Structures are given as C-alpha cells and as structure tokens.
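This report refers to the structure that appears directly beneath it.
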Amino acid sequence: MRILITGGAGFIGSHLAERLLGDGHEIVALDDLSTGRLSNIEHLLDHPGFEFRQGSIFDGSLLAGAVAEADLIFHLAAAVGVQLIVDNPVHTIETNVRGTEVVLEHALARKVRLLIASTSEVYGKSQEATFREESDLVLGPSTKSRWAYAASKLLDEFLGLGYHRQYGLDVVVLRLFNTVGPRQTGQYGMVVPRFVRQALNDEPITVYGDGQQTRTFTHVTDAVGAMVDLAFHDEAAGEVFNIGGKEEISISELARRVKSALRSRSEIRLVPYDQVFGSGFEDMMRRVPDIEKVKSWTGYEPLRTVEDVIRDVAEHERGRSGP
Ligand code: UDP
C-alpha cells in the first residue's frame, strides 16, 4: 500500500514510517520541518520505498499530489508541545484546525482513509480515575492559552467524525497519551527527553510544580503498533481510540528513575510553574488512559516500561548533539 504521513519527519511520524516500511508499504512523508527534523528520517532516505517531500500541508498542490497517490493517510502534522502552544497560540490553532480541515477536504476528494492523531490533552482536567473514549472532556477557560491545544485538537476530532458521518469518509481518531521515545525533542517542553538530557549532563533535573502530577507514558514503538493495527481494521472508521501505556507515574518519581537509571549526579529541583509558563498556568494532575477499547479491537498490549523508555531515549541522546 502507498501511505502518506503528514508530519512524517516528526518524532512519531518517523517511527511510523519505519514500521510501515518494514511491513512492505511505500511511504510518502510530507513535512515542513517546522518541528520535524531531517535527522529523524535520514536513515530512511535511501530506502526504495520511502520518499520525503518537504513542504506544508497548506501548499495545496503539494498536498493534492500526495493525497492523489495515497491509499491511506496518517495525519500527524500539527503544532505540538505545551511550551510551543503557550508561546504561540495563534500558530497552534491555525495549524491544527485549518491543517486538519485541508487534509480532510483532500482525503474526501479522493476517498482515501484517514487516521487523525489527536491527544489525551482533550480530556483536559477531568477528574475521572481513567479516561474512556466516551468520558466527558473538561477544558479550562479560553483566557488560559494551554487549553488552545486541547480545543484545537478537539475540533479536529469533531471535524473528522463529521466528515465520516456526513460524507461517509473513512476517518479514525487516535488519542495518543504522552508518547515518548528516541527522537522526541525536549525543545518544546516534553519531559522525558529533557530529564534524560539533564541527567546525562549532570545538570539539575527540573520538576515543575510539586512533581506529584502523574502521567502514563507510552513507548512510541507500542503506540505505533496500535496505530498500524487500527489503520488496517475494517470496522474502525468513525471511532475514537485511546492509545496509551499502563504505568501511572508521578513526575517526581520519573525524575528519580531517570537519575538512577543513568547513574547521574544531577540534583532534582522543583521549579514553580509560573517561572516556566508565566502566571496562571494550569497543569493536569493525573492522566491515565482506559485502553480496553483498543485492546479488545486489536489485541494491543503495551509491552515497554518506563525503564525501557529511559534507556532508549538515553541511547539516542548520547549519540547526537544539538538541542
Ligand atoms: N515537566 C516537568 N519538567 C520539565 C518538563 C515537563 O516537570 O522539564 C512536567 C510537566 O509540567 C507535566 C509533565 O512533566 O506535568 C509532562 O509534560 P509534557 O510536556 O511532557 O507533557 P504533557 O503531559 O504536559 O502534555
């Protein structure tokens, strides 16, 4: 099959491309290299089944050409990372909402199945113990720019599901929970590459707030496995799936495990949120997925642990330089 990945030079996109090439598919990776990097896909460039096209999803003819050749599309191109979103809310909203809209329009014109990458951020500050796909979504006020990301992705979901219901387009929504692994950059705030970098350099590991907030990290290899299974599932159109890991861990505990796994001399330092994000920043205190749906549909089982993540990210970080 010929598969288009928008955001194909990004962290998740590059792993997805690698997996799909391994399965014998042909890949076109479209990326404007705004947050994606050529270094993420350098090792794929010589592969006969892989083609990289540098450009934006807002370049109509580029997108139309790529969609026309595709049998399946993964739409991963988006503005990502809390830091980027807080710094640049207009860009986030425009990229995420208009970007998905144009990809949907082109997919519909060619009737190509589309998987949309959404995010666990859409659950917002819901207090539920685990988040199910049918759970209520609880977002904060529009005066707090962090929620722009969740709101923009939520609109993507509504649009995608709307295209399915109204026009019969095959659309599947994937809600990814804190996907982590090699090639993720810490530049836009993501915690695992930042902690690993800090620990490797024996610099202070910066835990924001009191560190009691929890996350459930998903190794990118596990996440990509679920994404691929759902892409080829005949009944998945019009459905939303959580894709997440199993182990809930506090950010303080993550810092301790990174420090100990890497035998680092780093101090673990608590940093108030307002020093990083300005005043009034709201963080999510817990975020745990219910993954029963994806398990029962695909047999998905996240196999990789937080220790696996730390080891793989550290191995990658040791082998590169720059931010
Ligand atoms: N975080 C932290 N130190 C950092 C970067 C992030 O303590 O240097 C915290 C952040 O406040 C959040 C958690 O780690 O509570 C996960 O952050 P990330 O940006 O990776 O993902 P999020 O869950 O916020 O989308």
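Ordering of the structure tokens sets the chain letters (A, B, ...); residue numbers start at 1 within each chain; ligands are numbered from 1 in the order shown.
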### Query
Would you name the residues within 7 Å of ligand 1, counting only C-alpha atoms and all ligand atoms, and put them as a list of chain:residue names?
A:Gly81, A:Val82, A:Glu121, A:Asn178, A:Gly189, A:Met190, A:Val191, A:Val192, A:Arg194, A:Phe195, A:Thr206, A:Val207, A:Tyr208, A:Gly209, A:Gly211, A:Gln213, A:Thr214, A:Arg215, A:Ile251, A:Asp283, A:Met284
Only all heavy atoms, please: the residues just picked out, written as a compact mmCIF listing (two decimals), in the first residue's frame.
```
# COMPACT_ATOMS: atom_id res chain seq x y z
N GLY A 81 3.43 20.27 21.73
CA GLY A 81 4.25 20.66 22.87
C GLY A 81 3.66 21.86 23.60
O GLY A 81 3.37 22.88 23.00
N VAL A 82 3.51 21.68 24.91
CA VAL A 82 2.86 22.72 25.72
C VAL A 82 3.60 24.05 25.62
O VAL A 82 2.98 25.11 25.48
CB VAL A 82 2.77 22.25 27.19
CG1 VAL A 82 2.26 23.36 28.09
CG2 VAL A 82 1.86 21.04 27.31
N GLU A 121 -4.69 15.34 25.75
CA GLU A 121 -4.99 16.70 26.24
C GLU A 121 -6.47 17.01 26.15
O GLU A 121 -6.98 17.83 26.91
CB GLU A 121 -4.23 17.74 25.40
CG GLU A 121 -2.80 17.96 25.80
CD GLU A 121 -2.63 19.07 26.84
OE1 GLU A 121 -3.43 20.02 26.87
OE2 GLU A 121 -1.67 18.96 27.63
N ASN A 178 0.83 10.83 26.03
CA ASN A 178 2.24 11.03 26.37
C ASN A 178 3.15 9.99 25.71
O ASN A 178 3.79 9.17 26.37
CB ASN A 178 2.46 11.04 27.89
CG ASN A 178 1.88 12.31 28.51
OD1 ASN A 178 0.70 12.36 28.83
ND2 ASN A 178 2.69 13.34 28.64
N GLY A 189 9.38 21.37 25.42
CA GLY A 189 8.92 21.15 26.78
C GLY A 189 8.74 19.71 27.20
O GLY A 189 8.54 19.44 28.37
N MET A 190 8.80 18.75 26.27
CA MET A 190 8.49 17.36 26.64
C MET A 190 9.44 16.84 27.71
O MET A 190 10.65 16.96 27.64
CB MET A 190 8.55 16.45 25.42
CG MET A 190 7.24 16.37 24.70
SD MET A 190 6.86 17.90 23.90
CE MET A 190 5.61 17.37 22.76
N VAL A 191 8.82 16.19 28.69
CA VAL A 191 9.54 15.94 29.93
C VAL A 191 10.63 14.86 29.81
O VAL A 191 11.71 15.02 30.39
CB VAL A 191 8.53 15.62 31.07
CG1 VAL A 191 7.83 14.28 30.86
CG2 VAL A 191 9.19 15.67 32.42
N VAL A 192 10.36 13.77 29.09
CA VAL A 192 11.33 12.67 29.12
C VAL A 192 12.67 13.06 28.47
O VAL A 192 13.73 12.91 29.09
CB VAL A 192 10.75 11.37 28.54
CG1 VAL A 192 11.84 10.31 28.39
CG2 VAL A 192 9.63 10.84 29.43
N ARG A 194 13.89 15.92 28.11
CA ARG A 194 14.50 16.96 28.93
C ARG A 194 15.20 16.36 30.15
O ARG A 194 16.35 16.66 30.43
CB ARG A 194 13.46 17.99 29.37
CG ARG A 194 12.98 18.90 28.25
CD ARG A 194 11.85 19.80 28.71
NE ARG A 194 12.21 20.57 29.90
CZ ARG A 194 12.91 21.70 29.86
NH1 ARG A 194 13.31 22.18 28.69
NH2 ARG A 194 13.21 22.35 30.96
N PHE A 195 14.50 15.49 30.86
CA PHE A 195 15.09 14.88 32.06
C PHE A 195 16.33 14.05 31.68
O PHE A 195 17.34 14.07 32.38
CB PHE A 195 14.08 13.98 32.77
CG PHE A 195 13.07 14.72 33.62
CD1 PHE A 195 12.97 16.11 33.59
CD2 PHE A 195 12.20 14.01 34.47
CE1 PHE A 195 12.03 16.78 34.37
CE2 PHE A 195 11.27 14.69 35.25
CZ PHE A 195 11.18 16.06 35.20
N THR A 206 14.70 19.35 36.20
CA THR A 206 13.72 20.39 36.53
C THR A 206 12.30 19.81 36.60
O THR A 206 11.65 19.62 35.57
CB THR A 206 13.74 21.50 35.47
OG1 THR A 206 13.55 20.89 34.17
CG2 THR A 206 15.07 22.24 35.47
N VAL A 207 11.84 19.56 37.81
CA VAL A 207 10.49 19.05 38.02
C VAL A 207 9.57 20.24 38.25
O VAL A 207 9.78 21.02 39.18
CB VAL A 207 10.45 18.11 39.24
CG1 VAL A 207 9.01 17.71 39.58
CG2 VAL A 207 11.31 16.88 38.99
N TYR A 208 8.55 20.40 37.41
CA TYR A 208 7.67 21.55 37.53
C TYR A 208 6.59 21.29 38.59
O TYR A 208 6.09 20.17 38.72
CB TYR A 208 6.98 21.86 36.19
CG TYR A 208 7.93 22.21 35.07
CD1 TYR A 208 7.50 22.12 33.74
CD2 TYR A 208 9.25 22.64 35.31
CE1 TYR A 208 8.36 22.45 32.69
CE2 TYR A 208 10.10 22.96 34.27
CZ TYR A 208 9.66 22.85 32.96
OH TYR A 208 10.49 23.16 31.92
N GLY A 209 6.23 22.39 39.30
CA GLY A 209 5.21 22.28 40.35
C GLY A 209 5.75 21.44 41.49
O GLY A 209 6.95 21.47 41.80
N GLY A 211 5.62 18.16 41.52
CA GLY A 211 6.08 16.86 41.00
C GLY A 211 5.12 15.73 41.27
O GLY A 211 5.38 14.58 40.93
N GLN A 213 2.10 15.52 40.05
CA GLN A 213 1.27 15.25 38.87
C GLN A 213 1.74 13.96 38.21
O GLN A 213 2.93 13.66 38.22
CB GLN A 213 1.30 16.44 37.89
CG GLN A 213 2.59 16.69 37.14
CD GLN A 213 3.58 17.58 37.89
OE1 GLN A 213 3.66 17.56 39.11
NE2 GLN A 213 4.39 18.33 37.15
N THR A 214 0.80 13.20 37.69
CA THR A 214 1.16 11.90 37.10
C THR A 214 0.86 11.87 35.60
O THR A 214 0.02 12.62 35.10
CB THR A 214 0.37 10.74 37.75
OG1 THR A 214 -1.00 10.84 37.38
CG2 THR A 214 0.51 10.75 39.27
N ARG A 215 1.56 10.98 34.93
CA ARG A 215 1.30 10.71 33.52
C ARG A 215 1.44 9.21 33.29
O ARG A 215 2.04 8.50 34.11
CB ARG A 215 2.32 11.44 32.62
CG ARG A 215 2.24 12.96 32.65
CD ARG A 215 0.94 13.49 32.04
NE ARG A 215 0.90 14.95 31.97
CZ ARG A 215 0.44 15.75 32.92
NH1 ARG A 215 -0.01 15.24 34.07
NH2 ARG A 215 0.41 17.06 32.75
N ILE A 251 5.73 12.74 38.21
CA ILE A 251 6.88 13.36 37.53
C ILE A 251 8.10 13.35 38.46
O ILE A 251 9.23 13.17 38.00
CB ILE A 251 6.51 14.78 37.04
CG1 ILE A 251 5.34 14.69 36.03
CG2 ILE A 251 7.70 15.48 36.41
CD1 ILE A 251 5.58 13.79 34.81
N ASP A 283 -1.82 22.89 35.18
CA ASP A 283 -1.33 21.59 34.73
C ASP A 283 -2.40 20.54 35.03
O ASP A 283 -3.29 20.77 35.84
CB ASP A 283 -0.02 21.23 35.45
CG ASP A 283 0.77 20.16 34.71
OD1 ASP A 283 0.37 19.78 33.58
OD2 ASP A 283 1.80 19.71 35.25
N MET A 284 -2.28 19.41 34.37
CA MET A 284 -3.17 18.29 34.66
C MET A 284 -2.54 17.46 35.76
O MET A 284 -1.38 17.08 35.65
CB MET A 284 -3.29 17.40 33.42
CG MET A 284 -4.59 17.53 32.74
SD MET A 284 -4.69 19.00 31.78
CE MET A 284 -3.84 18.51 30.33
```
### Message
If DSSP is run on the backbone, what residues of segment 9-246 of chain A are helix (DSSP H, G or I)? A reply as a ChimeraX atom specification would be ideal.
### Response
/A:11-22,38-44,60-68,82-87,89-110,120-123,146-167,191-200,220-231
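We find atom CA of Ala77 of chain A and atom CA of Gly99 of chain A to be spaced 7.8 Å apart.
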### Query
Which residues, written as a PyMOL selection string, have at least one atom at most 7 Å from Asn40 of chain A, with only C-alpha atoms counted and residues fewer than 6 positions away on the same chain left out?
chain A and resi 9-11+14+183
Residue selection dump (all heavy atoms) as a PDB file, in the first residue's frame:
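What ended up in selection.pdb:
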```
ATOM      1  N   ALA A   9       8.326  13.595   9.199  1.00  0.00           N
ATOM      2  CA  ALA A   9       9.685  13.742   9.735  1.00  0.00           C
ATOM      3  C   ALA A   9       9.657  14.083  11.221  1.00  0.00           C
ATOM      4  O   ALA A   9      10.672  14.417  11.824  1.00  0.00           O
ATOM      5  CB  ALA A   9      10.452  14.814   8.961  1.00  0.00           C
ATOM      6  N   GLY A  10       8.476  13.993  11.800  1.00  0.00           N
ATOM      7  CA  GLY A  10       8.358  14.245  13.240  1.00  0.00           C
ATOM      8  C   GLY A  10       8.758  13.016  14.040  1.00  0.00           C
ATOM      9  O   GLY A  10       9.100  11.970  13.470  1.00  0.00           O
ATOM     10  N   PHE A  11       8.676  13.161  15.323  1.00  0.00           N
ATOM     11  CA  PHE A  11       9.061  12.072  16.220  1.00  0.00           C
ATOM     12  C   PHE A  11       8.204  10.817  15.971  1.00  0.00           C
ATOM     13  O   PHE A  11       8.725   9.755  15.610  1.00  0.00           O
ATOM     14  CB  PHE A  11       8.951  12.594  17.660  1.00  0.00           C
ATOM     15  CG  PHE A  11       8.729  11.559  18.702  1.00  0.00           C
ATOM     16  CD1 PHE A  11       9.602  10.499  18.865  1.00  0.00           C
ATOM     17  CD2 PHE A  11       7.625  11.658  19.558  1.00  0.00           C
ATOM     18  CE1 PHE A  11       9.393   9.544  19.853  1.00  0.00           C
ATOM     19  CE2 PHE A  11       7.414  10.716  20.543  1.00  0.00           C
ATOM     20  CZ  PHE A  11       8.284   9.655  20.685  1.00  0.00           C
ATOM     21  N   SER A  14       8.191   9.563  12.114  1.00  0.00           N
ATOM     22  CA  SER A  14       9.374   8.843  11.631  1.00  0.00           C
ATOM     23  C   SER A  14       9.371   7.384  12.100  1.00  0.00           C
ATOM     24  O   SER A  14       9.769   6.481  11.367  1.00  0.00           O
ATOM     25  CB  SER A  14      10.660   9.549  12.087  1.00  0.00           C
ATOM     26  OG  SER A  14      10.785   9.506  13.490  1.00  0.00           O
ATOM     27  N   ARG A 183      14.233  10.246  19.587  1.00  0.00           N
ATOM     28  CA  ARG A 183      13.957  11.278  18.572  1.00  0.00           C
ATOM     29  C   ARG A 183      12.956  12.322  19.025  1.00  0.00           C
ATOM     30  O   ARG A 183      12.752  13.308  18.331  1.00  0.00           O
ATOM     31  CB  ARG A 183      13.452  10.711  17.244  1.00  0.00           C
ATOM     32  CG  ARG A 183      14.436   9.798  16.580  1.00  0.00           C
ATOM     33  CD  ARG A 183      13.896   9.354  15.228  1.00  0.00           C
ATOM     34  NE  ARG A 183      14.420   8.048  14.925  1.00  0.00           N
ATOM     35  CZ  ARG A 183      13.719   7.076  14.367  1.00  0.00           C
ATOM     36  NH1 ARG A 183      12.465   7.268  13.991  1.00  0.00           N
ATOM     37  NH2 ARG A 183      14.283   5.915  14.149  1.00  0.00           N
TER      38      ARG A 183
END
```
### Of the listed residues A:Gln184, A:Asn242, A:Thr130, A:Gln54, that which approaches His219 of chain A most closely, counting only C-alpha atoms
A:Gln184
### Picked from segment 264-296 of chain A by DSSP as strand (DSSP E), as a PyMOL selection string
chain A and resi 268-271
### Message
Considering only C-alpha atoms, can you say which of A:Arg286, A:Arg311, A:Glu94, A:Val103 comes closest to Ser61 of chain A?
### Response
A:Val103
### Query
Near Pro89 of chain A, counting only C-alpha atoms, which residues have an atom at most 8 Å away, once you skip same-chain residues fewer than 3 positions from it, shown as a PyMOL selection string?
chain A and resi 84-86+92-93+145+148-149
Residue neighbourhood Glu134 of chain A, 10 Å, only C-alpha atoms, exclusion window fewer than 2 positions, as a short mmCIF file (atom, residue, chain, number, x, y, z; two decimals) with all heavy atoms, in the first residue's frame:
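Printed below is out05.cif as written:
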```cif
data_model
loop_
_atom_site.label_atom_id
_atom_site.label_comp_id
_atom_site.auth_asym_id
_atom_site.auth_seq_id
_atom_site.Cartn_x
_atom_site.Cartn_y
_atom_site.Cartn_z
N PHE A 131 -9.45 7.65 31.81
CA PHE A 131 -10.21 8.34 30.77
C PHE A 131 -10.66 7.34 29.71
O PHE A 131 -9.83 6.70 29.06
CB PHE A 131 -9.34 9.42 30.12
CG PHE A 131 -8.91 10.50 31.06
CD1 PHE A 131 -7.77 11.26 30.79
CD2 PHE A 131 -9.63 10.80 32.21
CE1 PHE A 131 -7.36 12.28 31.64
CE2 PHE A 131 -9.24 11.82 33.07
CZ PHE A 131 -8.09 12.56 32.79
N ARG A 132 -11.97 7.23 29.56
CA ARG A 132 -12.52 6.40 28.48
C ARG A 132 -12.89 7.28 27.32
O ARG A 132 -13.15 8.48 27.49
CB ARG A 132 -13.77 5.66 28.99
CG ARG A 132 -13.46 4.55 29.98
CD ARG A 132 -14.73 3.85 30.44
NE ARG A 132 -15.58 3.50 29.31
CZ ARG A 132 -16.80 4.00 29.12
NH1 ARG A 132 -17.31 4.88 29.95
NH2 ARG A 132 -17.52 3.63 28.06
N ASP A 136 -16.55 12.49 29.65
CA ASP A 136 -16.69 13.93 29.41
C ASP A 136 -15.31 14.57 29.33
O ASP A 136 -14.36 14.12 29.99
CB ASP A 136 -17.48 14.59 30.55
CG ASP A 136 -18.97 14.27 30.44
OD1 ASP A 136 -19.40 13.88 29.34
OD2 ASP A 136 -19.67 14.41 31.47
N LEU A 137 -15.23 15.64 28.57
CA LEU A 137 -13.97 16.35 28.40
C LEU A 137 -14.11 17.67 29.16
O LEU A 137 -15.11 18.37 29.01
CB LEU A 137 -13.71 16.60 26.92
CG LEU A 137 -13.84 15.34 26.04
CD1 LEU A 137 -13.74 15.70 24.57
CD2 LEU A 137 -12.79 14.31 26.42
N VAL A 240 -13.20 6.50 17.92
CA VAL A 240 -12.12 7.18 18.63
C VAL A 240 -11.43 6.13 19.51
O VAL A 240 -12.11 5.34 20.17
CB VAL A 240 -12.69 8.30 19.54
CG1 VAL A 240 -11.59 8.96 20.35
CG2 VAL A 240 -13.45 9.33 18.71
N PHE A 241 -10.11 6.13 19.52
CA PHE A 241 -9.38 5.16 20.34
C PHE A 241 -8.32 5.85 21.20
O PHE A 241 -7.52 6.64 20.68
CB PHE A 241 -8.65 4.14 19.44
CG PHE A 241 -9.57 3.26 18.66
CD1 PHE A 241 -10.01 3.65 17.40
CD2 PHE A 241 -10.01 2.06 19.18
CE1 PHE A 241 -10.88 2.85 16.67
CE2 PHE A 241 -10.87 1.25 18.45
CZ PHE A 241 -11.31 1.64 17.20
#
```
### Query
Pick from A:Ile249, A:Leu63, A:Val122, A:Val102: nearest to Thr216 of chain A, with only C-alpha atoms counted?
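Looking at the shortest contact to Thr216 of chain A, the residue is A:Ile249.
In this model, the gap between atom CA of Val173 of chain A and atom CA of Ser39 of chain A comes to 27.9 Å.
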